[in-house]
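Enquirer: The structure under discussion is supplied below as structure tokens; questions concerning it will follow.
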Amino acid sequence: MARVGVFVCHCGENIGRTVDCAAVAEALAGHPGVAHAEDYKYMCSDPGQALIKRAIIDKRLTGVVVAACSPHMHEKTFRRAVSQAGLNPFLCEMANIREHCSWIHEDREAATAKATDIARTIAEKVKHNVPLETIHIPVTKRAMVIGGGIAGIQAALDIADGGHEVVLVEKDASIGGHMAQLSETFPTLDCSQCILTPRMVEAYQHPNIKLMTWSEVDAVDGYIGNFKVTVRQKARSVDADVCNGCGDCMAACPNRRTPSEFDAGLGTRSAIYVPFPQAVPNTPVIDRANCGRFKAIAKGIKKEVCGKCAAACLKGAIDFTQQDELVTEEVGAIVVATGYQLYSIGREQPEGLKGYGEYGYGEVPDVIDGLQFERLASASGPTAGELRRPSDGKVPQTIVFVHCVGSRDPEKGMSYCSKICCMYNAKHAMLYRHKVHDGRAVLFYMDVRAAGKGYDEFTRRAVEEDGAEYLRGRVSRIYRDGDVVKVVGYDTLAGEQVTIDADMVVLATAMRPQPGIKELAQTLSVSYDEHGFINEAHPKLRPVETNTAGVFVAGACQAPRDIPDSVAMASATAAKVLALFSMAELEREPAVAAVNETTCIGCLTCERVCPYGAVEKKEILDRDGNVVRVVASINPGVCQGCGTCQAVCLSKSIELATFTDEQVYSEIEALAFWP
């Protein structure tokens with residue numbers, strides 16, 4: 001006979017303000033099968049949990065219902081308490097009377113009645129709960145980090161320092177990411193490469209890190225603790241084991257006019273190249289789209305063309321026959337740290353965005369974005385750190401910096417704030433004034449958002465010590481008039497239109513996720529928002545986890561992040577991975593689906609709809625080893641308990657362990673037959 005205990009939480013005023021919790025407890029006390037019911041102001045507190053434990057023992061309860069907040073918040077808390085009192089934790093359920101009731105209603109009487117109904121349905125469900133045991137899964141104590149920027153490097157180093165192997169996958173020829181392109185970093189104005197390069201070398205030389213550059217994730221199979229990741233190692237056309245990085249091949253290459261991606265298109269490189277002098281690894285790759293040899297092959301020319309790089313290489317490292325290679329890596333956890341790209345400012349925009357054609361980017365050569373300014377200011381940049389106009393090489397005497405280009409502008413760009421733009425514009429104004437002492441730096445801003453340790457002081461320093469001029473308002477048009485770039489805007493504080501004759505304009509463009517991130521997210525079975533940023537499992541309680549167990553997220557692929565935030569997130573993901581690897585076996589809740597093989601008709605509709613790939617085809621054999629029939633089989637390690645397979649099963653052969661037909665029908669009957 002069922003003896004259910006119902007415990008109603010006030011949640012301070014979150015529930016108690018709208019719901020009469022005492023009345024709910026009183027109503028449930030008279031419900032069939034309920035042996036005990038009471039209310040308490042903070043049920044999740046230590047006294048509240050002690051109250052539940054005491055009632056389980058004293059009242060000999062066979063099930064527990066906690067009417068409180070969302071199960072996502074405290075289900076583990078209450079199940080742990082129930083377990084400590086000697087009751088199977090899966091005989092405890094939560095009735096959500098906060099998010100589903102008190103927070104969305106104002107009528108106290110109606111909200112109380114609804115809360116009573118919600119609690120009653122869960123009480124009926126608990127009557128049909130059965131004791132369940134956690135699932136034990138072996139763990140491959142090896143991790144993969146996707147993305148070799150500062151977030152990926154930090155995560156890989158922390159996991160490797162914890163004593164576990166890491167596979168670090170980077171799509172470009174070198175690790176380092178966008179941080180490698182920066183001149184100096186805010187708010188300390190220390191050299192970016194001075195901070196980053198030692199970390200890059202450390203990752204490259206670490207005995208627990210396997211570095212795979214010029215590589216991309218092609219496919220992901222498996223589940224938490226047991227992933228099989230297929231990585232495509234793109235053909236470098238250079239044997240990395242033979243190459244000594246001497247650079248003779250690059251010096252011999254006749255094509256030196258290819259725009260350099262590392263210099264944001266302001267400089268050029270050869271067709272065989274390393275991205276930048278401090279690249280790790282220092283092994284060149286051949287850009288087949290711009291290599292004369294490969295262009296001839298693409299045109300069907302059989303005669304060998306060019307090949308000067310191969311002739312110059314004394315080690316014989318050049319290999320024009322090299323092909324892409326697929327490598328399968330077995331790992332227990334995956335960290336996504338793919339970083340960001342800058343918003344494209346021109347007229348042509350993806351996804352129906354309008355762009356900023358009126359700002360002249362791409363048409364006026366002296367209108368550049370923030371990353372291009374970084375390369376002009378960098379000692380390793382195309383001008384060796386001298387600030388010069390792209391159009392004629394002259395030193396700019398006036399530069400206008402425009403905030404929020406693409407950010408906070410849902411009509412033309414994105415609705416979100418990119419977080420770093422205010423700070424890097426202030427930094428750019430300082431860098432400019434340090435290099436051109438008598439220069440004029442004018443910044444058009446909407447409002448300054450400097451939320452970080454020392455950030456507000458940094459932006460004030462740009463004004464008070466370095467003489468930056470801040471104008472509150474938006475720029476409406478930028479165009480060229482002879483040697484001058486005309487910037488037309490409106491100063492909202494002065495209440496007048498402003499036209500500034502500038503030598504150069506720097507647009508603080510928005511942060512966007514890297515191209516291809518949606519495809520990668522689908523490969524990993526993780527969700528993303530409308531902008532393409534990877535979604536975290538919970539913004540407060542699980543900020544570095546995703547909805548797919550064993551997949552974690554760090555840095556700017558989750559939202560606009562600066563370097564300190566990205567590094568902090570990376571270390572947080574490493575802590576999660578190390579915690580996962582600390583166990584001999586992984587324990588997970590048994591809220592998974594199971595197939596009744598006796599009634600399964602083998603239609604495999606469940607396999608087609610499963611978003612996690614948890615359903616597999618299983619062959620039933622006779623005594624002679626012949627296939628009698630085919631049924632569906634569910635891998636409990638992969639299943640996330642979404643219930644989609646149960647909903648579409650034609651023969652009703654699939655049930656979710658915590659949502660059986662009997663349990664669901666009992667909840668419906670609780671509403672249908674009790675007033």
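Lettering and numbering for the structure tokens are positional, with chains as A, B, ... in the shown order, residues counted from 1 in each chain, and ligands counted from 1 in the shown order.
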Which polymer residues have any atom within 8 Å of an atom of range 33-35 of chain A, counting only C-alpha atoms, with same-chain residues fewer than 3 positions away left out, as a PyMOL selection string?

Expert: chain A and resi 1-6+28-30+59+61+123+127

Enquirer: Write out as an mmCIF file with N, CA, C and O atoms, in the first residue's frame which residues come within 7 Å of range 106-122 of chain A when counting only C-alpha atoms, dropping same-chain ones fewer than 2 positions away.

Expert:
```
data_model
loop_
_atom_site.group_PDB
_atom_site.id
_atom_site.type_symbol
_atom_site.label_atom_id
_atom_site.label_comp_id
_atom_site.auth_asym_id
_atom_site.auth_seq_id
_atom_site.Cartn_x
_atom_site.Cartn_y
_atom_site.Cartn_z
ATOM 1 N N THR A 18 1.847 33.956 -3.964
ATOM 2 C CA THR A 18 0.722 33.707 -4.874
ATOM 3 C C THR A 18 -0.086 32.473 -4.496
ATOM 4 O O THR A 18 -1.281 32.405 -4.765
ATOM 5 N N VAL A 19 0.566 31.492 -3.875
ATOM 6 C CA VAL A 19 -0.080 30.214 -3.552
ATOM 7 C C VAL A 19 -0.205 30.072 -2.029
ATOM 8 O O VAL A 19 0.750 30.330 -1.299
ATOM 9 N N ASP A 20 -1.369 29.647 -1.588
ATOM 10 C CA ASP A 20 -1.571 29.339 -0.170
ATOM 11 C C ASP A 20 -1.010 27.935 0.075
ATOM 12 O O ASP A 20 -1.701 26.923 -0.104
ATOM 13 N N VAL A 24 -2.606 23.989 0.225
ATOM 14 C CA VAL A 24 -2.212 22.903 -0.678
ATOM 15 C C VAL A 24 -1.853 21.656 0.130
ATOM 16 O O VAL A 24 -2.285 20.544 -0.190
ATOM 17 N N LEU A 28 -3.827 18.019 0.079
ATOM 18 C CA LEU A 28 -3.143 16.766 -0.271
ATOM 19 C C LEU A 28 -3.155 15.760 0.874
ATOM 20 O O LEU A 28 -3.057 14.544 0.636
ATOM 21 N N VAL A 65 6.813 13.478 -2.594
ATOM 22 C CA VAL A 65 6.543 14.540 -3.563
ATOM 23 C C VAL A 65 6.950 15.861 -2.914
ATOM 24 O O VAL A 65 6.492 16.186 -1.819
ATOM 25 N N ALA A 67 6.610 19.675 -3.617
ATOM 26 C CA ALA A 67 5.965 20.708 -4.440
ATOM 27 C C ALA A 67 6.749 21.997 -4.240
ATOM 28 O O ALA A 67 6.652 22.642 -3.194
ATOM 29 N N GLU A 93 9.756 12.646 -6.403
ATOM 30 C CA GLU A 93 9.436 13.456 -7.574
ATOM 31 C C GLU A 93 9.171 14.892 -7.133
ATOM 32 O O GLU A 93 8.770 15.143 -5.990
ATOM 33 N N ALA A 95 7.001 18.431 -7.886
ATOM 34 C CA ALA A 95 5.861 19.082 -8.536
ATOM 35 C C ALA A 95 6.217 20.565 -8.686
ATOM 36 O O ALA A 95 6.428 21.250 -7.685
ATOM 37 N N ILE A 97 5.483 23.977 -8.794
ATOM 38 C CA ILE A 97 4.409 24.947 -8.552
ATOM 39 C C ILE A 97 4.952 26.384 -8.512
ATOM 40 O O ILE A 97 4.230 27.300 -8.129
ATOM 41 N N CYS A 101 3.270 27.725 -11.959
ATOM 42 C CA CYS A 101 2.077 28.216 -11.269
ATOM 43 C C CYS A 101 2.264 29.611 -10.690
ATOM 44 O O CYS A 101 1.764 30.589 -11.222
ATOM 45 N N SER A 102 3.016 29.733 -9.611
ATOM 46 C CA SER A 102 3.050 31.014 -8.892
ATOM 47 C C SER A 102 3.627 32.152 -9.723
ATOM 48 O O SER A 102 3.179 33.296 -9.617
ATOM 49 N N GLU A 124 0.003 10.954 -7.583
ATOM 50 C CA GLU A 124 -0.491 9.743 -8.256
ATOM 51 C C GLU A 124 0.627 9.067 -9.039
ATOM 52 O O GLU A 124 0.718 7.841 -9.078
ATOM 53 N N LYS A 125 1.481 9.872 -9.661
ATOM 54 C CA LYS A 125 2.606 9.306 -10.426
ATOM 55 C C LYS A 125 3.540 8.527 -9.511
ATOM 56 O O LYS A 125 3.986 7.417 -9.847
ATOM 57 N N VAL A 126 3.848 9.100 -8.337
ATOM 58 C CA VAL A 126 4.788 8.472 -7.412
ATOM 59 C C VAL A 126 4.291 7.105 -6.950
ATOM 60 O O VAL A 126 5.089 6.195 -6.683
ATOM 61 N N GLU A 667 -1.587 10.298 -13.813
ATOM 62 C CA GLU A 667 -1.595 11.757 -13.656
ATOM 63 C C GLU A 667 -2.849 12.359 -14.295
ATOM 64 O O GLU A 667 -3.479 13.268 -13.736
ATOM 65 N N ALA A 670 -5.852 11.690 -12.186
ATOM 66 C CA ALA A 670 -5.886 12.513 -10.979
ATOM 67 C C ALA A 670 -6.629 13.816 -11.221
ATOM 68 O O ALA A 670 -7.319 14.334 -10.340
ATOM 69 N N LEU A 671 -6.511 14.353 -12.439
ATOM 70 C CA LEU A 671 -7.222 15.588 -12.779
ATOM 71 C C LEU A 671 -8.660 15.310 -13.176
ATOM 72 O O LEU A 671 -9.553 16.131 -12.961
#
```

Enquirer: Please identify every residue of range 285-390 of chain A that has at least one atom no farther than 9 Å from an atom of range 424-437 of chain A, counting only C-alpha atoms, and for each give the shortest atom pair and the distance in Å to one decimal, arranged by chain then increasing number, as a tab-separated table.

Expert:
```
residue	atom	partner	partner_atom	distance
A:Gly370	CA	A:Asn425	CA	7.8
A:Phe373	CA	A:His428	CA	7.7
A:Glu374	CA	A:His428	CA	7.9
A:Ala377	CA	A:Leu431	CA	7.4
A:Gly385	CA	A:Lys435	CA	9.0
A:Glu386	CA	A:Lys435	CA	7.6
A:Leu387	CA	A:Lys435	CA	7.3
```

Enquirer: Write out as an MDAnalysis selection string each polymer residue whose atoms come within 9 Å of range 538-550 of chain A, counting only C-alpha atoms; drop sequence neighbours fewer than 5 positions from it.

Expert: chainID A and resid 72:73 223:225 227 332:335 524:527 558 569:570 572:573 576:577 580 612 638 640

Enquirer: Pick out the residues sitting within 7 Å of Gly643 in chain A, and hand them over as a VMD selection string; count only C-alpha atoms, and ignore anything fewer than 3 positions along from it in its own chain.

Expert: chain A and resid 646 to 647 656

Enquirer: Tell me, as a PyMOL selection string, which residues lie within 9 Å of Ala556 in chain A, counting only C-alpha atoms; anything in the same chain fewer than 5 positions away does not count.

Expert: chain A and resi 151+337-340+511-513+533+561-562+565-566

Enquirer: With all heavy atoms retained, export the selected residues as a short mmCIF file (atom, residue, chain, number, x, y, z; two decimals), in the first residue's frame.

Expert:
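For reference, part-v3.cif as written:
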```
data_model
loop_
_atom_site.label_atom_id
_atom_site.label_comp_id
_atom_site.auth_asym_id
_atom_site.auth_seq_id
_atom_site.Cartn_x
_atom_site.Cartn_y
_atom_site.Cartn_z
N ALA A 151 41.23 30.01 -25.31
CA ALA A 151 40.34 29.17 -24.50
C ALA A 151 40.68 27.69 -24.67
O ALA A 151 40.77 26.94 -23.70
CB ALA A 151 38.88 29.44 -24.85
N ALA A 337 35.66 25.00 -28.15
CA ALA A 337 36.25 26.32 -27.92
C ALA A 337 36.63 26.93 -29.28
O ALA A 337 37.78 27.29 -29.51
CB ALA A 337 37.47 26.22 -27.02
N THR A 338 35.65 27.03 -30.15
CA THR A 338 35.92 27.41 -31.55
C THR A 338 36.02 28.91 -31.78
O THR A 338 36.33 29.34 -32.88
CB THR A 338 34.82 26.83 -32.47
OG1 THR A 338 33.53 27.18 -31.94
CG2 THR A 338 34.92 25.32 -32.55
N GLY A 339 35.75 29.72 -30.74
CA GLY A 339 36.01 31.15 -30.87
C GLY A 339 34.98 31.91 -31.68
O GLY A 339 33.81 31.55 -31.73
N TYR A 340 35.44 32.99 -32.33
CA TYR A 340 34.53 33.93 -32.98
C TYR A 340 35.08 34.41 -34.31
O TYR A 340 36.24 34.16 -34.67
CB TYR A 340 34.32 35.15 -32.06
CG TYR A 340 35.54 36.04 -31.93
CD1 TYR A 340 35.71 37.16 -32.75
CD2 TYR A 340 36.54 35.77 -31.00
CE1 TYR A 340 36.83 37.96 -32.65
CE2 TYR A 340 37.66 36.57 -30.89
CZ TYR A 340 37.81 37.67 -31.71
OH TYR A 340 38.92 38.47 -31.62
N MET A 511 31.01 40.76 -32.47
CA MET A 511 31.47 39.37 -32.40
C MET A 511 30.37 38.45 -32.91
O MET A 511 29.21 38.58 -32.50
CB MET A 511 31.78 38.99 -30.96
CG MET A 511 33.22 39.08 -30.56
SD MET A 511 33.43 38.24 -28.96
CE MET A 511 35.18 38.41 -28.75
N ARG A 512 30.74 37.53 -33.76
CA ARG A 512 29.81 36.49 -34.21
C ARG A 512 30.48 35.13 -34.07
O ARG A 512 31.71 35.05 -34.03
CB ARG A 512 29.42 36.72 -35.68
CG ARG A 512 28.67 38.00 -35.94
CD ARG A 512 28.07 38.00 -37.33
NE ARG A 512 27.00 37.01 -37.43
CZ ARG A 512 26.47 36.61 -38.60
NH1 ARG A 512 26.92 37.10 -39.74
NH2 ARG A 512 25.49 35.73 -38.63
N PRO A 513 29.70 34.06 -34.00
CA PRO A 513 30.31 32.73 -33.94
C PRO A 513 31.07 32.43 -35.23
O PRO A 513 30.81 33.03 -36.28
CB PRO A 513 29.11 31.79 -33.78
CG PRO A 513 27.96 32.66 -33.40
CD PRO A 513 28.23 34.00 -33.97
N PHE A 533 25.42 31.02 -31.41
CA PHE A 533 26.25 30.73 -30.24
C PHE A 533 25.76 29.44 -29.57
O PHE A 533 24.55 29.19 -29.49
CB PHE A 533 26.19 31.88 -29.23
CG PHE A 533 26.89 33.13 -29.69
CD1 PHE A 533 26.17 34.26 -30.04
CD2 PHE A 533 28.27 33.17 -29.77
CE1 PHE A 533 26.81 35.42 -30.47
CE2 PHE A 533 28.92 34.33 -30.19
CZ PHE A 533 28.20 35.44 -30.54
N ARG A 561 32.94 37.06 -25.52
CA ARG A 561 33.78 36.97 -24.34
C ARG A 561 35.10 37.70 -24.59
O ARG A 561 35.60 37.70 -25.71
CB ARG A 561 34.12 35.51 -24.01
CG ARG A 561 32.91 34.61 -23.79
CD ARG A 561 32.35 34.79 -22.40
NE ARG A 561 31.21 33.91 -22.18
CZ ARG A 561 30.33 34.08 -21.21
NH1 ARG A 561 30.46 35.09 -20.38
NH2 ARG A 561 29.32 33.25 -21.06
N ASP A 562 35.67 38.27 -23.51
CA ASP A 562 37.02 38.79 -23.62
C ASP A 562 37.99 37.71 -23.16
O ASP A 562 37.59 36.60 -22.80
CB ASP A 562 37.18 40.09 -22.83
CG ASP A 562 36.83 39.94 -21.35
OD1 ASP A 562 36.78 38.79 -20.87
OD2 ASP A 562 36.58 40.95 -20.69
N ASP A 565 37.58 36.28 -19.40
CA ASP A 565 36.40 35.43 -19.30
C ASP A 565 36.62 34.09 -20.00
O ASP A 565 36.21 33.03 -19.52
CB ASP A 565 35.18 36.13 -19.90
CG ASP A 565 34.48 37.03 -18.91
OD1 ASP A 565 34.96 37.13 -17.77
OD2 ASP A 565 33.47 37.65 -19.28
N SER A 566 37.24 34.14 -21.18
CA SER A 566 37.47 32.92 -21.96
C SER A 566 38.40 31.97 -21.21
O SER A 566 38.18 30.75 -21.17
CB SER A 566 38.07 33.27 -23.33
OG SER A 566 37.16 34.03 -24.10
#
```

Enquirer: What separation in Å, quoted to one decimal, exists between CA of Thr383 in chain A and CA of Glu469 in chain A?

Expert: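 Computing the Euclidean distance for CA of Thr383 in chain A and CA of Glu469 in chain A yields 26.0 Å.
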
Enquirer: Can you work out which one of A:Ile153, A:Cys309, A:Ala510, A:Ala252 has the shortest atom-to-atom distance to Asp409 in chain A, counting only C-alpha atoms?

Expert: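 Under the stated criterion, the closest residue is A:Ala510.
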
Enquirer: Which residues are close to Val648 in chain A, i.e. within 9 Å by only C-alpha atoms, leaving aside same-chain residues fewer than 4 positions away? Reply as a ChimeraX atom specification.

Expert: /A:605-606,609,644,652

Enquirer: Write a file of the selected residues as a PDB file, in the first residue's frame, keeping N, CA and C atoms.

Expert:
```
ATOM      1  N   THR A 605      11.211   3.242 -36.615  1.00  0.00           N
ATOM      2  CA  THR A 605      10.813   4.652 -36.648  1.00  0.00           C
ATOM      3  C   THR A 605      11.533   5.420 -35.539  1.00  0.00           C
ATOM      4  N   CYS A 606      11.717   4.757 -34.406  1.00  0.00           N
ATOM      5  CA  CYS A 606      12.420   5.375 -33.276  1.00  0.00           C
ATOM      6  C   CYS A 606      13.847   5.753 -33.645  1.00  0.00           C
ATOM      7  N   VAL A 609      13.936   9.085 -35.622  1.00  0.00           N
ATOM      8  CA  VAL A 609      13.585  10.340 -34.946  1.00  0.00           C
ATOM      9  C   VAL A 609      14.488  10.663 -33.762  1.00  0.00           C
ATOM     10  N   THR A 644      11.043  10.959 -27.251  1.00  0.00           N
ATOM     11  CA  THR A 644      10.563  11.032 -28.640  1.00  0.00           C
ATOM     12  C   THR A 644      10.276   9.644 -29.199  1.00  0.00           C
ATOM     13  N   LYS A 652       3.865   0.478 -29.470  1.00  0.00           N
ATOM     14  CA  LYS A 652       3.882   0.817 -28.039  1.00  0.00           C
ATOM     15  C   LYS A 652       4.842  -0.084 -27.267  1.00  0.00           C
TER      16      LYS A 652
END
```

Enquirer: Would you mind telling me which residue in A:Ala379, A:Cys639, A:Cys645, A:Ala173 lies nearest to Arg608 in chain A when using only C-alpha atoms?

Expert: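 With only C-alpha atoms as the atom set, the closest residue is A:Cys645.
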
Enquirer: From the list A:Met179, A:Leu157, A:Cys642, A:Ala264, which residue is nearest Ala203 in chain A when using only C-alpha atoms?

Expert: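 The answer is A:Leu157, which sits nearest to Ala203 in chain A.
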
Enquirer: As a ChimeraX atom specification, which residues of range 232-300 of chain A does DSSP assign to strand (DSSP E or B)?

Expert: /A:232-233,238,258-259,268-269,272-273,285-286

Enquirer: If I take CA of Glu465 in chain A and CA of Gln397 in chain A, how far is one from the other in Å, to one decimal?

Expert: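 CA of Gln397 in chain A lies 18.3 Å from CA of Glu465 in chain A.
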
Enquirer: Could you check the closest approach to Glu363 in chain A for each of A:Leu520, A:Cys404, A:Val485, A:Cys253 and tell me which residue wins, using only C-alpha atoms?

Expert: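 Of all the options, A:Val485 lies closest to Glu363 in chain A.
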
Enquirer: With distances taken over only C-alpha atoms, which residue among A:Ile135, A:Ile104, A:Leu443, A:Ile534 lies nearest Glu587 in chain A?

Expert: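 Looking only at the distances to Glu587 in chain A, the closest residue turns out to be A:Ile135.
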
Enquirer: Pick out the residues sitting within 10 Å of Gly148 in chain A, and hand them over as a PyMOL selection string; count only C-alpha atoms, and ignore anything fewer than 4 positions along from it in its own chain.

Expert: chain A and resi 152-156+168-172+174-178+200+203+211-213+336-339

Enquirer: Generate a file of the selected residues that holds N, CA, C and O atoms, formatted as a CSV table (one decimal), in the first residue's frame.

Expert:
```
chain,number,residue,atom,x,y,z
A,152,GLY,N,40.9,27.3,-25.9
A,152,GLY,CA,41.2,25.9,-26.2
A,152,GLY,C,42.5,25.5,-25.6
A,152,GLY,O,42.7,24.4,-25.0
A,153,ILE,N,43.5,26.4,-25.7
A,153,ILE,CA,44.9,26.1,-25.2
A,153,ILE,C,44.8,26.0,-23.7
A,153,ILE,O,45.4,25.0,-23.1
A,154,GLN,N,44.1,26.9,-23.0
A,154,GLN,CA,44.0,26.8,-21.5
A,154,GLN,C,43.3,25.6,-21.1
A,154,GLN,O,43.7,24.9,-20.1
A,155,ALA,N,42.2,25.2,-21.7
A,155,ALA,CA,41.5,24.0,-21.3
A,155,ALA,C,42.3,22.8,-21.5
A,155,ALA,O,42.4,21.9,-20.7
A,156,ALA,N,43.1,22.7,-22.7
A,156,ALA,CA,43.9,21.6,-22.9
A,156,ALA,C,45.0,21.4,-21.9
A,156,ALA,O,45.3,20.4,-21.4
A,168,LEU,N,44.1,18.1,-29.1
A,168,LEU,CA,43.7,19.5,-29.4
A,168,LEU,C,43.6,19.7,-30.9
A,168,LEU,O,44.6,19.6,-31.6
A,169,VAL,N,42.4,20.0,-31.4
A,169,VAL,CA,42.1,20.1,-32.8
A,169,VAL,C,41.9,21.5,-33.2
A,169,VAL,O,41.1,22.2,-32.6
A,170,GLU,N,42.7,22.0,-34.2
A,170,GLU,CA,42.6,23.4,-34.7
A,170,GLU,C,42.5,23.3,-36.2
A,170,GLU,O,43.2,22.7,-36.9
A,171,LYS,N,41.5,24.1,-36.7
A,171,LYS,CA,41.3,24.1,-38.2
A,171,LYS,C,42.3,24.8,-39.0
A,171,LYS,O,42.5,24.6,-40.2
A,172,ASP,N,43.0,25.8,-38.4
A,172,ASP,CA,44.0,26.6,-39.1
A,172,ASP,C,45.4,25.9,-39.0
A,172,ASP,O,45.5,24.9,-38.3
A,174,SER,N,48.0,26.9,-37.5
A,174,SER,CA,48.7,27.1,-36.2
A,174,SER,C,47.7,27.4,-35.1
A,174,SER,O,46.6,27.9,-35.4
A,175,ILE,N,48.0,27.0,-33.9
A,175,ILE,CA,47.2,27.4,-32.8
A,175,ILE,C,47.4,28.9,-32.4
A,175,ILE,O,48.4,29.5,-33.0
A,176,GLY,N,46.6,29.4,-31.6
A,176,GLY,CA,46.8,30.9,-31.2
A,176,GLY,C,45.5,31.7,-31.3
A,176,GLY,O,45.3,32.6,-30.6
A,177,GLY,N,44.7,31.4,-32.4
A,177,GLY,CA,43.4,32.0,-32.6
A,177,GLY,C,43.6,33.5,-32.8
A,177,GLY,O,44.7,34.0,-33.2
A,178,HIS,N,42.5,34.3,-32.5
A,178,HIS,CA,42.6,35.7,-32.7
A,178,HIS,C,43.5,36.5,-31.8
A,178,HIS,O,44.0,37.5,-32.1
A,200,MET,N,51.3,28.7,-26.1
A,200,MET,CA,51.3,27.9,-27.3
A,200,MET,C,52.4,26.8,-27.3
A,200,MET,O,52.2,25.7,-27.7
A,203,ALA,N,51.7,24.1,-24.8
A,203,ALA,CA,50.8,23.1,-25.3
A,203,ALA,C,51.4,22.2,-26.4
A,203,ALA,O,51.1,21.0,-26.4
A,211,LEU,N,48.6,17.4,-30.6
A,211,LEU,CA,48.2,18.6,-31.4
A,211,LEU,C,47.9,18.2,-32.8
A,211,LEU,O,48.7,17.7,-33.5
A,212,MET,N,46.7,18.6,-33.2
A,212,MET,CA,46.3,18.3,-34.6
A,212,MET,C,45.8,19.6,-35.2
A,212,MET,O,44.7,20.0,-35.1
A,213,THR,N,46.7,20.3,-35.9
A,213,THR,CA,46.4,21.5,-36.6
A,213,THR,C,46.0,21.2,-38.0
A,213,THR,O,46.2,20.1,-38.5
A,336,VAL,N,34.3,22.3,-26.6
A,336,VAL,CA,34.1,23.2,-27.8
A,336,VAL,C,34.6,24.6,-27.4
A,336,VAL,O,34.1,25.2,-26.6
A,337,ALA,N,35.7,25.0,-28.2
A,337,ALA,CA,36.3,26.3,-27.9
A,337,ALA,C,36.6,26.9,-29.3
A,337,ALA,O,37.8,27.3,-29.5
A,338,THR,N,35.6,27.0,-30.2
A,338,THR,CA,35.9,27.4,-31.6
A,338,THR,C,36.0,28.9,-31.8
A,338,THR,O,36.3,29.3,-32.9
A,339,GLY,N,35.8,29.7,-30.7
A,339,GLY,CA,36.0,31.2,-30.9
A,339,GLY,C,35.0,31.9,-31.7
A,339,GLY,O,33.8,31.5,-31.7
```
